[in-house]
Amino acid sequence: DVKVTQSSRYLVKRTGEKVFLECVQDMDHENMFWYRQDPGLGLRLIYFSYDVKMKEKGDIPEGYSVSREKKERFSLILESASTNQTSMYLCASSSTEAFFGQGTRLTVV
Amino acid sequence: AQSVTQPDIHITVSEGASLELRCNYSYGATPYLFWYVQSPGQGLQLLLKYFSGDTLVQGIKGFEAEFKRSQSSFNLRKPSVHWSDAAEYFCAVASYSSASKIIFGSGTRLSIRP
């Protein structure tokens, strides 16, 4: 079974902190994704990566950056967390269809 | 640009009734299409996918979907819903080149009336 693991289920951070969300997949997939999920807005793509060190902006990249130094790991970085980044963050990897992690519920206070 | 529209935010159906969830997409070439389900407190699970071939695709849990190119639609159906089908359903589209992003709709929440 494909496994996509997100490092934390719940996080509480303060405004202005630098936040790292980590995601690891075990199926050697080329593509990895970060989405945020908010009620009524569905899943919105923040960034995706199609190879090591390769990344492309999604629909809402502002306030975020990403890092993919190894094929299995894709990190989302909030450089200076703000309250409007309180959300559920979902990581996925894919070859054909996407496989998702369990999500990280981030609260910025 | 790719986009996906799910026009129904919330649908309630009676247990045992039939179900159809609507999905319209916008994409220049032939898309790859997906339906995912998210039960409360759970992650997203793939229900079915369409890449090519037969436009009626069967999925898990008794769901099916039909790709209609002329209508840019990929509606999800089930002949008889069960209380356990209460969840949020997401339609998604991808292009599947070597670097392909997957775009999701805003979701449809399904409630089941006993």
# chains A, B, ... in the order shown; residues from 1 in each chain; ligands from 1
>>> residues_around(residues="segment 23-31 of chain B", least_positions_apart="3", cutoff="6 Å", atoms="only C-alpha atoms", output="list in words")
Gln2, Ser3, Val4, Thr5, Gln6, Ser72, Ser73, Phe74, Asn75, Ala94 and Ser95 of chain B
>>> select_by_dssp(residues="chain A", states="strand (DSSP E or B)", output="PyMOL selection string")
chain A and resi 4-6+10-13+19-25+31-38+42-51+54-57+64-70+73-78+87-94+98-100+104-108
>>> residues_around(residues="segment 23-26 of chain A", least_positions_apart="6", cutoff="12 Å", atoms="only C-alpha atoms", output="ChimeraX atom specification")
/A:1-9,32-35,66-77,89-95,98-104
>>> interface_residues(of="chain B", to="chain A", cutoff="6 Å", atoms="only C-alpha atoms", output="list in words")
Gly43, Ala99, Phe104, Gly105, Ser106 and Gly107 of chain B
>>> atom_distance(atom1="atom CA of Ala92 of chain B", atom2="atom CA of Leu76 of chain B")
11.9 Å
>>> decode(residues="segment 41-53 of chain B", atoms="N, CA, C and O atoms", output="mmCIF file, in the first residue's frame")
data_model
loop_
_atom_site.group_PDB
_atom_site.id
_atom_site.type_symbol
_atom_site.label_atom_id
_atom_site.label_comp_id
_atom_site.auth_asym_id
_atom_site.auth_seq_id
_atom_site.Cartn_x
_atom_site.Cartn_y
_atom_site.Cartn_z
ATOM 1 N N GLY B 41 -13.485 13.261 9.459
ATOM 2 C CA GLY B 41 -12.264 12.952 10.198
ATOM 3 C C GLY B 41 -11.294 12.032 9.495
ATOM 4 O O GLY B 41 -10.291 11.623 10.090
ATOM 5 N N GLN B 42 -11.571 11.736 8.235
ATOM 6 C CA GLN B 42 -10.727 10.792 7.492
ATOM 7 C C GLN B 42 -9.984 11.495 6.361
ATOM 8 O O GLN B 42 -10.302 12.631 5.991
ATOM 9 N N GLY B 43 -9.029 10.760 5.802
ATOM 10 C CA GLY B 43 -8.322 11.282 4.636
ATOM 11 C C GLY B 43 -9.124 11.073 3.365
ATOM 12 O O GLY B 43 -10.224 10.520 3.384
ATOM 13 N N LEU B 44 -8.584 11.509 2.245
ATOM 14 C CA LEU B 44 -9.260 11.358 0.960
ATOM 15 C C LEU B 44 -8.970 9.999 0.358
ATOM 16 O O LEU B 44 -7.823 9.551 0.337
ATOM 17 N N GLN B 45 -10.025 9.375 -0.148
ATOM 18 C CA GLN B 45 -9.914 8.053 -0.752
ATOM 19 C C GLN B 45 -10.411 8.133 -2.188
ATOM 20 O O GLN B 45 -11.464 8.713 -2.460
ATOM 21 N N LEU B 46 -9.671 7.524 -3.106
ATOM 22 C CA LEU B 46 -10.087 7.509 -4.505
ATOM 23 C C LEU B 46 -11.275 6.579 -4.696
ATOM 24 O O LEU B 46 -11.237 5.415 -4.302
ATOM 25 N N LEU B 47 -12.349 7.098 -5.307
ATOM 26 C CA LEU B 47 -13.507 6.287 -5.641
ATOM 27 C C LEU B 47 -13.364 5.670 -7.036
ATOM 28 O O LEU B 47 -13.647 4.489 -7.226
ATOM 29 N N LEU B 48 -12.970 6.493 -8.003
ATOM 30 C CA LEU B 48 -12.816 6.023 -9.371
ATOM 31 C C LEU B 48 -12.040 7.046 -10.176
ATOM 32 O O LEU B 48 -11.840 8.180 -9.728
ATOM 33 N N LYS B 49 -11.616 6.612 -11.377
ATOM 34 C CA LYS B 49 -10.842 7.499 -12.235
ATOM 35 C C LYS B 49 -11.151 7.193 -13.692
ATOM 36 O O LYS B 49 -11.515 6.054 -14.046
ATOM 37 N N TYR B 50 -11.000 8.196 -14.528
ATOM 38 C CA TYR B 50 -11.145 8.024 -15.968
ATOM 39 C C TYR B 50 -9.883 8.541 -16.638
ATOM 40 O O TYR B 50 -9.487 9.704 -16.455
ATOM 41 N N PHE B 51 -9.266 7.667 -17.433
ATOM 42 C CA PHE B 51 -8.100 8.085 -18.215
ATOM 43 C C PHE B 51 -8.423 8.049 -19.704
ATOM 44 O O PHE B 51 -8.090 8.962 -20.445
ATOM 45 N N SER B 52 -9.033 6.966 -20.156
ATOM 46 C CA SER B 52 -9.387 6.827 -21.566
ATOM 47 C C SER B 52 -10.296 5.619 -21.697
ATOM 48 O O SER B 52 -10.541 4.907 -20.728
ATOM 49 N N GLY B 53 -10.806 5.384 -22.929
ATOM 50 C CA GLY B 53 -11.595 4.185 -23.173
ATOM 51 C C GLY B 53 -13.053 4.372 -22.823
ATOM 52 O O GLY B 53 -13.630 5.444 -23.044
#
